[in-house]
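For reference, data07.cif (mmCIF, C-alpha atoms):
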```cif
data_final
#
loop_
_atom_site.label_atom_id
_atom_site.label_comp_id
_atom_site.auth_asym_id
_atom_site.auth_seq_id
_atom_site.Cartn_x
_atom_site.Cartn_y
_atom_site.Cartn_z
CA MET A 210 27.18 7.84 19.71
CA GLU A 211 28.47 4.32 19.50
CA PRO A 212 32.04 4.33 18.11
CA GLU A 213 32.23 3.00 14.59
CA ALA A 214 35.31 2.29 12.47
CA GLU A 215 35.84 3.52 8.93
CA PRO A 216 36.88 1.22 6.06
CA THR A 217 40.50 0.19 6.59
CA ALA A 218 42.75 2.52 4.62
CA ALA A 219 46.36 2.17 3.60
CA PRO A 220 48.85 4.47 5.34
CA ALA A 221 48.53 8.00 4.01
CA ASP A 222 51.23 10.00 2.32
CA THR A 223 50.19 13.01 4.39
CA PRO A 224 48.81 13.22 7.94
CA GLY A 225 45.40 11.57 8.08
CA PRO A 226 42.18 13.57 8.26
CA GLY A 227 40.55 14.18 11.58
CA ALA A 228 37.10 13.29 12.89
CA GLY A 229 33.87 14.76 11.68
CA ALA A 230 31.75 13.06 9.05
CA ALA A 231 28.18 13.21 7.98
CA CYS A 232 26.96 9.71 8.56
CA GLU A 233 27.34 6.27 10.05
CA THR A 234 30.55 4.36 9.36
CA ARG A 235 31.42 0.74 10.02
CA ARG A 236 33.62 -1.95 8.58
CA GLY A 237 32.09 -4.43 6.18
CA ALA A 238 28.84 -2.68 5.46
CA PRO A 239 29.48 0.73 6.91
CA GLY A 240 28.34 4.01 7.09
CA SER A 241 28.07 7.29 5.45
CA GLU A 242 28.48 9.15 2.30
CA ALA A 243 27.87 12.83 2.45
CA GLY A 244 26.83 13.40 -1.09
CA GLY A 245 28.60 16.47 -2.24
CA VAL A 246 29.55 19.70 -0.60
CA ALA A 247 27.31 22.56 0.36
CA GLY A 248 25.54 24.28 -2.47
CA GLY A 249 24.65 27.93 -2.64
CA LEU A 250 28.17 29.26 -2.90
CA ALA A 251 28.92 32.16 -5.20
CA GLY A 252 30.50 31.63 -8.59
CA ALA A 253 29.22 28.13 -9.32
CA ALA A 254 30.77 26.77 -12.48
CA ALA A 255 28.99 25.68 -15.63
CA ASP A 256 28.12 22.10 -16.51
CA VAL A 257 30.90 19.58 -17.00
CA GLY A 258 28.60 17.83 -19.49
CA PRO A 259 28.18 14.13 -20.15
CA ALA A 260 30.50 12.18 -17.90
CA GLY A 261 32.85 10.54 -20.36
CA GLU A 262 35.40 7.90 -19.65
CA ALA A 263 38.60 8.77 -17.86
CA ALA A 264 41.82 6.88 -17.48
CA ALA A 265 41.83 4.36 -14.67
CA PRO A 266 43.74 5.33 -11.53
CA GLY A 267 47.36 5.44 -12.63
CA THR A 268 50.78 6.39 -11.41
CA VAL A 269 49.66 9.06 -8.97
CA SER A 270 47.38 6.69 -7.09
CA GLY A 271 49.58 3.70 -7.73
CA ALA A 272 46.65 1.59 -8.87
CA GLY A 273 48.37 0.17 -11.95
CA ALA A 274 49.36 -3.45 -12.33
CA GLY A 275 51.96 -4.45 -9.78
CA CYS A 276 51.66 -1.19 -7.85
CA GLU A 277 50.51 -0.75 -4.29
CA PRO A 278 47.70 1.85 -4.18
CA VAL A 279 48.60 4.97 -2.25
CA PRO A 280 46.40 7.85 -1.11
CA VAL A 281 45.73 10.81 -3.37
CA GLY A 282 45.35 14.30 -1.91
CA ARG A 283 44.23 17.46 -3.67
CA ALA A 284 42.89 20.89 -2.77
CA VAL A 285 39.39 21.20 -4.20
CA ASP A 286 37.04 24.18 -4.31
CA PHE A 287 35.60 23.74 -0.82
CA GLY A 288 38.31 21.91 1.10
CA GLU A 289 41.01 19.25 0.96
CA ALA A 290 39.97 16.03 -0.75
CA ARG A 291 41.67 12.69 -0.24
CA LEU A 292 41.19 9.31 -1.90
CA LEU A 293 42.18 6.51 0.47
CA PRO A 294 42.60 2.95 -0.87
CA ASP A 295 40.90 0.13 1.00
CA VAL A 296 43.45 -2.57 1.72
CA ASP A 297 40.73 -5.24 1.73
CA ARG A 298 39.33 -4.48 -1.76
CA PRO A 299 41.95 -3.99 -4.52
CA ARG A 300 40.27 -1.13 -6.44
CA ALA A 301 38.08 0.40 -3.76
CA TRP A 302 38.49 3.97 -2.56
CA LEU A 303 37.18 6.14 0.25
CA LEU A 304 36.73 9.82 -0.59
CA THR A 305 37.01 12.34 2.23
CA VAL A 306 36.80 16.14 2.19
CA ASP A 307 38.38 17.91 5.17
CA GLY A 308 38.34 14.59 6.99
CA ALA A 309 34.63 13.94 6.49
CA PRO A 310 33.84 10.70 4.65
CA GLN A 311 32.00 11.55 1.43
CA SER A 312 31.85 8.41 -0.72
CA TYR A 313 33.16 4.89 -1.05
CA VAL A 314 33.49 3.33 -4.51
CA ASP A 315 34.68 -0.10 -5.59
CA LEU A 316 35.65 0.17 -9.27
CA ASP A 317 35.54 -3.63 -9.62
CA ASP A 318 32.06 -3.86 -8.13
CA PRO A 319 30.02 -0.67 -8.69
CA GLU A 320 26.95 -2.29 -7.13
CA HIS A 321 28.75 -2.56 -3.79
CA LEU A 322 27.69 0.20 -1.40
CA GLU A 323 29.81 0.28 1.73
CA PHE A 324 27.72 2.80 3.65
CA GLU A 325 24.40 1.53 4.98
CA TYR A 326 22.49 4.74 4.33
CA ALA A 327 23.52 4.55 0.65
CA ARG A 328 22.20 1.00 0.47
CA ARG A 329 18.88 2.19 1.91
CA ILE A 330 18.62 4.81 -0.83
CA ALA A 331 19.34 2.13 -3.43
CA TYR A 332 16.83 -0.27 -1.89
CA ALA A 333 14.11 2.39 -2.06
CA ALA A 334 14.93 3.35 -5.65
CA GLU A 335 14.99 -0.29 -6.72
CA ALA A 336 11.73 -1.09 -4.91
CA ALA A 337 10.08 1.80 -6.74
CA PHE A 338 11.47 1.44 -10.24
CA GLY A 339 11.86 -2.27 -10.80
CA GLY A 340 15.46 -2.72 -9.80
CA ARG A 341 16.94 -5.82 -8.26
CA GLY A 342 14.73 -6.90 -5.37
CA GLY A 343 11.84 -4.62 -6.39
CA SER A 344 8.61 -5.37 -8.19
CA PHE A 345 6.78 -2.03 -8.36
CA ARG A 346 7.28 0.45 -11.15
CA ALA A 347 5.83 3.94 -11.37
CA GLY A 348 3.13 4.71 -13.91
CA PRO A 349 3.69 5.90 -17.48
CA HIS A 350 6.06 8.83 -17.80
CA SER A 351 4.59 12.10 -18.97
CA GLY A 352 7.88 13.69 -20.06
CA ALA A 353 8.32 14.59 -23.71
CA SER A 354 11.71 12.88 -23.77
CA GLY A 355 10.46 9.55 -22.47
CA ALA A 356 12.94 7.34 -24.28
CA THR A 357 12.79 3.60 -23.90
CA GLY A 358 15.44 0.95 -23.69
CA GLU A 359 14.87 -2.19 -25.76
CA ALA A 360 11.85 -2.24 -28.06
CA GLY A 361 8.73 -2.62 -25.95
CA ALA A 362 10.62 -2.05 -22.70
CA ALA A 363 9.50 0.38 -20.02
CA PRO A 364 10.57 4.02 -20.42
CA ALA A 365 13.95 5.01 -19.04
CA VAL A 366 13.94 6.19 -15.44
CA ASP A 367 15.01 9.83 -15.10
CA VAL A 368 17.03 10.31 -11.92
CA VAL A 369 18.40 13.51 -10.37
CA HIS A 370 21.12 13.26 -7.71
CA LEU A 371 21.62 16.44 -5.69
CA GLY A 372 25.11 15.98 -4.30
CA GLY A 373 27.71 13.97 -6.16
CA GLY A 374 30.71 12.92 -4.12
CA ALA A 375 32.24 9.93 -5.92
CA MET A 376 28.83 8.97 -7.40
CA ALA A 377 28.50 5.65 -5.58
CA VAL A 378 24.68 5.47 -5.77
CA PRO A 379 24.48 6.55 -9.45
CA ARG A 380 27.00 3.82 -10.35
CA ARG A 381 24.81 1.20 -8.72
CA LEU A 382 21.51 2.45 -10.12
CA ALA A 383 22.98 2.48 -13.63
CA ARG A 384 23.27 -1.28 -13.26
CA THR A 385 20.16 -2.15 -11.25
CA LEU A 386 17.44 0.06 -12.75
CA GLY A 387 17.87 -1.00 -16.36
CA ALA A 388 17.27 1.88 -18.77
CA VAL A 389 18.11 5.03 -16.83
CA ARG A 390 19.18 8.64 -17.45
CA GLN A 391 20.96 10.33 -14.56
CA HIS A 392 21.90 13.91 -13.71
CA VAL A 393 24.43 14.41 -10.90
CA VAL A 394 24.70 17.92 -9.44
CA GLU A 395 27.95 18.65 -7.59
CA ALA A 396 28.87 22.16 -6.49
CA ASP A 397 32.61 21.48 -6.29
CA ARG A 398 34.06 21.47 -9.83
CA ALA A 399 37.55 20.46 -8.69
CA LEU A 400 36.12 17.54 -6.72
CA ALA A 401 34.14 16.40 -9.77
CA GLU A 402 37.32 16.54 -11.85
CA LEU A 403 39.25 14.53 -9.24
CA VAL A 404 36.58 11.83 -9.25
CA THR A 405 36.48 11.71 -13.07
CA GLU A 406 40.26 11.39 -13.21
CA HIS A 407 40.77 8.71 -10.57
CA LEU A 408 37.42 6.93 -10.25
CA PRO A 409 36.17 6.55 -13.83
CA LEU A 410 32.63 5.44 -14.60
CA GLU A 411 31.88 2.30 -16.56
CA PRO A 412 31.32 3.18 -20.24
CA ALA A 413 27.61 2.32 -20.16
CA THR A 414 27.11 4.42 -17.03
CA ALA A 415 29.05 7.35 -18.49
CA ALA A 416 26.91 7.31 -21.63
CA SER A 417 23.72 7.92 -19.66
CA LEU A 418 24.99 10.24 -16.91
CA SER A 419 25.70 13.98 -16.92
CA VAL A 420 27.54 15.90 -14.19
CA HIS A 421 26.60 19.51 -13.48
CA THR A 422 28.92 21.58 -11.29
CA GLN A 423 26.37 23.97 -9.85
CA ASP A 424 24.56 24.74 -6.64
CA ALA A 425 22.01 21.94 -6.22
CA ARG A 426 19.04 24.14 -5.36
CA GLY A 427 19.76 26.62 -8.13
CA TRP A 428 20.09 23.83 -10.70
CA LEU A 429 16.84 22.25 -9.54
CA ALA A 430 14.95 25.54 -9.78
CA ALA A 431 15.84 25.79 -13.47
CA ARG A 432 14.57 22.31 -14.34
CA PRO A 433 11.24 21.81 -16.14
CA ALA A 434 8.25 20.59 -14.17
CA ASP A 435 7.43 16.86 -14.42
CA SER A 436 10.90 16.01 -15.74
CA ALA A 437 12.17 13.42 -13.24
CA ASP A 438 10.99 10.15 -11.74
CA LEU A 439 13.39 10.14 -8.81
CA VAL A 440 15.16 12.96 -6.95
CA VAL A 441 17.85 11.99 -4.43
CA ALA A 442 19.07 14.73 -2.07
CA ASP A 443 22.40 13.85 -0.42
CA VAL A 444 23.98 17.26 0.00
CA PHE A 445 26.33 17.92 2.89
CA GLY A 446 28.58 20.87 3.60
CA GLY A 447 31.31 19.00 5.43
CA SER A 448 29.27 17.01 7.95
CA ARG A 449 26.01 19.01 7.88
CA VAL A 450 23.09 19.44 5.50
CA PRO A 451 23.17 23.12 4.39
CA ALA A 452 20.30 25.27 5.63
CA HIS A 453 19.04 26.23 2.17
CA MET A 454 18.50 22.52 1.40
CA THR A 455 16.17 21.98 4.37
CA SER A 456 13.23 24.31 3.69
CA VAL A 457 9.69 24.01 2.36
CA GLU A 458 10.69 26.29 -0.53
CA PHE A 459 13.46 23.90 -1.57
CA ALA A 460 11.28 20.81 -1.15
CA ARG A 461 8.55 22.37 -3.30
CA GLU A 462 11.06 22.63 -6.14
CA ALA A 463 11.77 18.92 -5.82
CA ALA A 464 8.05 18.15 -5.81
CA ARG A 465 7.53 20.35 -8.88
CA VAL A 466 10.25 18.57 -10.86
CA LEU A 467 8.89 15.09 -10.08
CA ARG A 468 6.41 13.48 -12.44
CA PRO A 469 3.19 11.90 -11.15
CA GLY A 470 4.27 8.68 -9.49
CA GLY A 471 7.70 10.14 -8.73
CA LEU A 472 9.73 9.65 -5.55
CA TYR A 473 11.89 11.97 -3.44
CA LEU A 474 14.63 10.52 -1.21
CA ALA A 475 16.76 12.53 1.21
CA ASN A 476 19.67 11.56 3.42
CA ILE A 477 19.84 13.48 6.69
CA ALA A 478 21.66 13.03 9.99
CA ASP A 479 20.31 13.63 13.48
CA ALA A 480 20.38 12.55 17.12
CA ALA A 481 18.03 12.65 20.09
CA PRO A 482 15.56 14.30 20.42
CA LEU A 483 15.34 13.97 16.58
CA ALA A 484 14.18 17.56 16.24
CA PHE A 485 15.86 18.01 12.86
CA LEU A 486 14.30 14.81 11.50
CA GLY A 487 10.90 15.91 12.80
CA GLY A 488 11.23 19.27 11.12
CA GLN A 489 12.21 17.66 7.83
CA LEU A 490 9.23 15.30 7.95
CA ALA A 491 6.88 18.24 8.49
CA THR A 492 8.65 20.23 5.77
CA LEU A 493 8.25 17.46 3.21
CA ARG A 494 4.64 16.83 4.19
CA GLU A 495 3.88 20.49 3.57
CA ALA A 496 5.79 20.59 0.26
CA PHE A 497 4.16 17.44 -1.10
CA GLY A 498 0.57 18.56 -0.59
CA GLY A 499 -0.07 18.61 3.14
CA PRO A 500 -1.50 15.89 5.39
CA GLU A 501 -4.23 14.98 2.89
CA GLN A 502 -1.91 14.30 -0.04
CA ALA A 503 1.66 13.70 1.12
CA ALA A 504 2.97 10.20 1.79
CA LEU A 505 6.21 9.67 3.70
CA CYS A 506 8.34 7.00 5.29
CA VAL A 507 11.64 6.87 7.18
CA LEU A 508 14.43 4.30 6.96
CA ALA A 509 16.84 4.33 9.89
CA GLY A 510 18.64 2.07 12.30
CA PRO A 511 16.90 1.27 15.59
CA GLY A 512 19.58 3.05 17.60
CA VAL A 513 18.98 6.29 15.71
CA LEU A 514 15.19 6.05 15.94
CA ARG A 515 15.41 5.42 19.68
CA GLY A 516 17.70 8.40 20.13
CA ARG A 517 20.61 6.32 21.37
CA ARG A 518 23.15 7.64 18.89
CA PHE A 519 23.80 10.13 16.11
CA GLY A 520 23.28 8.71 12.66
CA ASN A 521 21.54 8.74 9.32
CA ALA A 522 17.91 8.59 8.35
CA VAL A 523 16.66 8.28 4.77
CA VAL A 524 13.32 10.01 4.24
CA ALA A 525 11.06 9.14 1.29
CA ALA A 526 8.25 11.44 0.13
CA ALA A 527 5.71 11.48 -2.66
CA ARG A 528 2.40 13.07 -3.55
CA GLY A 529 -0.59 10.73 -3.27
CA GLU A 530 1.12 7.49 -2.34
CA LEU A 531 4.66 6.25 -2.15
CA PRO A 532 5.43 4.62 -5.52
CA LEU A 533 7.09 1.60 -4.02
CA ARG A 534 6.35 -1.72 -2.38
CA LEU A 535 6.74 -1.05 1.32
CA ASP A 536 6.85 -4.78 2.09
CA VAL A 537 9.71 -5.32 -0.38
CA LEU A 538 11.59 -2.32 1.00
CA ALA A 539 11.06 -3.34 4.63
CA ARG A 540 12.37 -6.84 3.96
CA ARG A 541 15.49 -5.62 2.21
CA CYS A 542 16.29 -3.14 4.98
CA ALA A 543 15.70 -5.77 7.66
CA ALA A 544 17.96 -8.26 5.86
CA ASP A 545 20.85 -5.80 5.52
CA PRO A 546 24.02 -6.55 7.52
CA PHE A 547 23.11 -3.43 9.52
CA PRO A 548 19.31 -3.63 9.65
CA ALA A 549 17.05 -0.62 9.42
CA ARG A 550 13.42 -0.11 10.35
CA LEU A 551 10.84 1.28 7.95
CA VAL A 552 8.46 3.69 9.69
CA HIS A 553 5.40 5.04 7.87
CA GLY A 554 1.76 6.04 8.24
CA ALA A 555 0.42 6.54 11.76
CA ALA A 556 3.74 5.35 13.23
CA LEU A 557 5.31 8.64 12.07
CA ALA A 558 2.91 10.77 14.11
CA ASP A 559 5.16 11.15 17.12
CA LEU A 560 8.12 12.19 14.96
CA TYR A 561 6.58 15.18 13.18
CA GLY A 562 7.82 18.65 14.13
CA ALA A 563 7.07 22.00 12.53
CA PRO A 564 7.75 22.89 8.87
CA VAL A 565 10.96 24.81 8.18
CA TYR A 566 10.95 27.81 5.83
CA ASP A 567 13.86 29.72 4.31
CA ALA A 568 13.62 32.55 6.84
CA SER A 569 14.30 30.22 9.77
CA ALA A 570 16.23 27.34 8.16
CA THR A 571 19.38 26.07 9.87
CA PRO A 572 21.89 23.34 8.96
CA SER A 573 21.52 19.85 10.35
CA PRO A 574 23.11 19.20 13.76
CA GLU A 575 26.86 19.02 14.15
CA PRO A 576 27.99 15.42 14.73
CA PRO A 577 29.41 14.76 18.20
CA GLU A 578 33.16 15.09 18.51
CA GLY A 579 34.96 11.92 17.55
CA ALA A 580 31.88 10.38 15.90
CA PHE A 581 33.76 9.65 12.67
CA THR A 582 37.30 8.53 12.16
CA VAL A 583 39.33 7.52 9.14
CA GLY A 584 42.19 5.08 9.28
#
```

Would you encode the structure as structure tokens?
Amino acid sequence: MEPEAEPTAAPADTPGPGAGAACETRRGAPGSEAGGVAGGLAGAAADVGPAGEAAAPGTVSGAGAGCEPVPVGRAVDFGEARLLPDVDRPRAWLLTVDGAPQSYVDLDDPEHLEFEYARRIAYAAEAAFGGRGGSFRAGPHSGASGATGEAGAAPAVDVVHLGGGAMAVPRRLARTLGAVRQHVVEADRALAELVTEHLPLEPATAASLSVHTQDARGWLAARPADSADLVVADVFGGSRVPAHMTSVEFAREAARVLRPGGLYLANIADAAPLAFLGGQLATLREAFGGPEQAALCVLAGPGVLRGRRFGNAVVAAARGELPLRLDVLARRCAADPFPARLVHGAALADLYGAPVYDASATPSPEPPEGAFTVG
């Protein structure tokens, strides 16, 4: 893997975390946000409820007026979390858990996504649901709770995020998708509390977003059919996608929850020979109706697609057709500071592997040693 630097962080108050992250990381428009920790652990807590406002980072983080921000460290349910200030952006923070980069949030600019894979997720969501840079919107919602924004406006977009981290993508979509209702599912209650305390949401975002501290797959299984327009899966246990989030059985739950015209997006990480990516493509094709009905595409950097390095791929899936403008999405990914290719249709043929079922599911590959550094 090509060495890539993390966002510049201020000196830590404790020894810095080691290598081992879930995605690409670079300065300026970098890398990776492993959305949440592994689900499926025993004793998942109940919902936190609507994500209300919290006090801005204060004396502990040193983010008050006239104070130099300093790192925050805390033991959370599934590891040691740290918030590292970015010296180049006054109120921007990198979240790591056990040294693995999880999220990057700029409180002054919630639309800023530092990690390129997170931008690709946002580009796809915005191309599908009328966000900035997009012009396609899914058909009429069939949900009973289809609230609208302003009078005569399109119905609110219902979004489910499996994996929370510091909620970088939900913060952006709250601004770019217009009327939106979001559910964020994070298995680590203590991590969710840390984020609420030190990285508060904007009031308008908090009013339309609920955080659920549960296992992502278990929460999804309890949701009504046809209740979401967009499902984003960004669940990592440390630096790997947990096995129970990689199977046909899991993907069928996501397909069941999506309304007609809905979109599924997943962040995964792989390297040559891209066997994990191939298995996930086949898994999603099976879950979304088989070769005759499923539509898929992949967004990834050329180096990853050519097998030259370990990195992220964002996979989009839908039943019938992808509810987005592929030309709009391709242009936005190509114009990114770290360009990505959009691969779809017949061009995916050589990537497909075999579907993965619960009985044989395994986590995504371990990143190579030294692939991710912080500091």

**Request:** Select, from A:Ala401, A:Val389, A:Val296, A:Ala460, the residue with the minimum atom-to-atom distance to Asp567 (chain A), counting only C-alpha atoms.
**Result:**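 Ranking A:Ala401, A:Val389, A:Val296, A:Ala460 by distance to Asp567 (chain A), first place goes to A:Ala460.
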
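Residues with any atom within 8 Å of Thr455 (chain A), counting only C-alpha atoms and excluding same-chain neighbours fewer than 2 positions away, are Val450, Pro451, Ala452, His453, Val457, Phe459, Ala460, Gln489, Thr492, Val565, Tyr566, Ala570, Thr571 and Pro572 of chain A.
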
**Prompt:** Interatomic distance between CA of Ala525 (chain A) and CA of Thr385 (chain A)?
**Reply:** 19.2 Å

**Request:** Tell me, as a list of chain:residue names, which residues lie within 9 Å of Arg494 (chain A), counting all atoms listed in the file; anything in the same chain fewer than 6 positions away does not count.
**Result:**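 Once the adjacent positions are removed, what remains is A:Val457, A:Pro500, A:Gln502, A:Ala503, A:Ala504, A:Leu505, A:Ala526, A:Ala527, A:Arg528, A:Pro564.
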
**Item:** Output check: residues returned by the PyMOL selection byres ((chain A and resi 318) around 10), as a count of residues only
**Value:** 13

**Message:** Report, in Å with one decimal, the straight-line distance from CA of Tyr332 (chain A) to CA of Glu530 (chain A).
**Reply:**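 Separating CA of Tyr332 (chain A) from CA of Glu530 (chain A) is a distance of 17.5 Å.
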
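Shortest separation to Pro433 (chain A) among A:Ser448, A:Glu289, A:Leu467, A:Glu458 occurs at residue A:Leu467, atoms counted being only C-alpha atoms.
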
Env of Gly487 (chain A): 7 Å cut, atoms = all atoms listed in the file, seq-sep filter 5 positions within chain, self excluded. Answer as an mmCIF file with C-alpha atoms, keeping the file's coordinate frame.
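As a result, selection.cif now contains:
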```
data_model
loop_
_atom_site.group_PDB
_atom_site.id
_atom_site.type_symbol
_atom_site.label_atom_id
_atom_site.label_comp_id
_atom_site.auth_asym_id
_atom_site.auth_seq_id
_atom_site.Cartn_x
_atom_site.Cartn_y
_atom_site.Cartn_z
ATOM 1 C CA LEU A 560 8.120 12.190 14.960
ATOM 2 C CA TYR A 561 6.580 15.180 13.180
ATOM 3 C CA GLY A 562 7.820 18.650 14.130
#
```

**Request:** Mind giving me the straight-line distance from CA of Phe338 (chain A) to CA of Leu533 (chain A) in Å, one decimal?
**Result:** 7.6 Å

**Sel. within 6 Å of pt (21.0, 7.8, 9.6), counting all atoms listed in the file, output as a PyMOL selection string** = chain A and resi 478+509+520-522

**Prompt:** Got a sec to resolve the PyMOL selection byres ((chain A and resi 468) around 6) on this structure and send the residues as JSON, numbers by chain?
**Reply:** {"A": [435, 437, 438, 467, 469, 471]}

**Prompt:** Using all atoms listed in the file, which residues sit within 9 Å of Val507 (chain A) once same-chain residues fewer than 4 positions away are excluded, as a list in words?
**Reply:**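 The neighbour list is Leu490, Ala522, Val523, Val524, Ala525, Arg550, Leu551, Val552, His553 and Leu557 of chain A.
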
**Request:** Identify all residues satisfying the PyMOL selection byres ((chain A and resi 534-539) around 10) in the given file; provide them as a ChimeraX atom specification.
**Result:** /A:329,331-338,342-346,506,508,531-533,540-544,548-553

**Request:** Would you please work out which residue, of A:Ser436, A:Pro574, A:Ala430, A:Gly387, is nearest to Pro482 (chain A) when using all atoms listed in the file?
**Result:**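 Between A:Ser436, A:Pro574, A:Ala430, A:Gly387, the residue approaching Pro482 (chain A) most closely is A:Pro574.
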
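Taking all atoms listed in the file into account, Asp545 (chain A) lies nearest to A:Gly510 out of the set A:Glu501, A:Phe287, A:Gly510, A:Leu400.
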
**Item:** Close residues, Leu292 (chain A) itself excluded, 8 Å, only C-alpha atoms, min 5 positions apart in chain, as a ChimeraX atom specification
**Value:** /A:280-282,302-305

Export of prior selection with C-alpha atoms as a short mmCIF file (atom, residue, chain, number, x, y, z; two decimals), in the frame of the given file:
```
data_model
loop_
_atom_site.label_atom_id
_atom_site.label_comp_id
_atom_site.auth_asym_id
_atom_site.auth_seq_id
_atom_site.Cartn_x
_atom_site.Cartn_y
_atom_site.Cartn_z
CA PRO A 280 46.40 7.85 -1.11
CA VAL A 281 45.73 10.81 -3.37
CA GLY A 282 45.35 14.30 -1.91
CA TRP A 302 38.49 3.97 -2.56
CA LEU A 303 37.18 6.14 0.25
CA LEU A 304 36.73 9.82 -0.59
CA THR A 305 37.01 12.34 2.23
#
```

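Environment of (31.1, 12.9, -4.7): residues at most 8 Å away, judged by only C-alpha atoms, are Ala243, Gly244, Gly245, Leu304, Gln311, Ser312, Gly372, Gly373, Gly374, Ala375, Met376, Ala377, Glu395, Leu400, Ala401 and Val404 of chain A.
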
**Asked** Smallest atom-to-atom distance to Leu429 (chain A): which of A:Arg384, A:Arg515, A:His392, A:Arg328, using all atoms listed in the file?
**Response**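 Closest candidate: A:His392.
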
**Prompt:** Using only C-alpha atoms, which of A:Ala416, A:Leu403, A:Ala327, A:Ala475 sits nearest Val444 (chain A)?
**Reply:**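 Nearest candidate to Val444 (chain A) out of A:Ala416, A:Leu403, A:Ala327, A:Ala475: A:Ala475.
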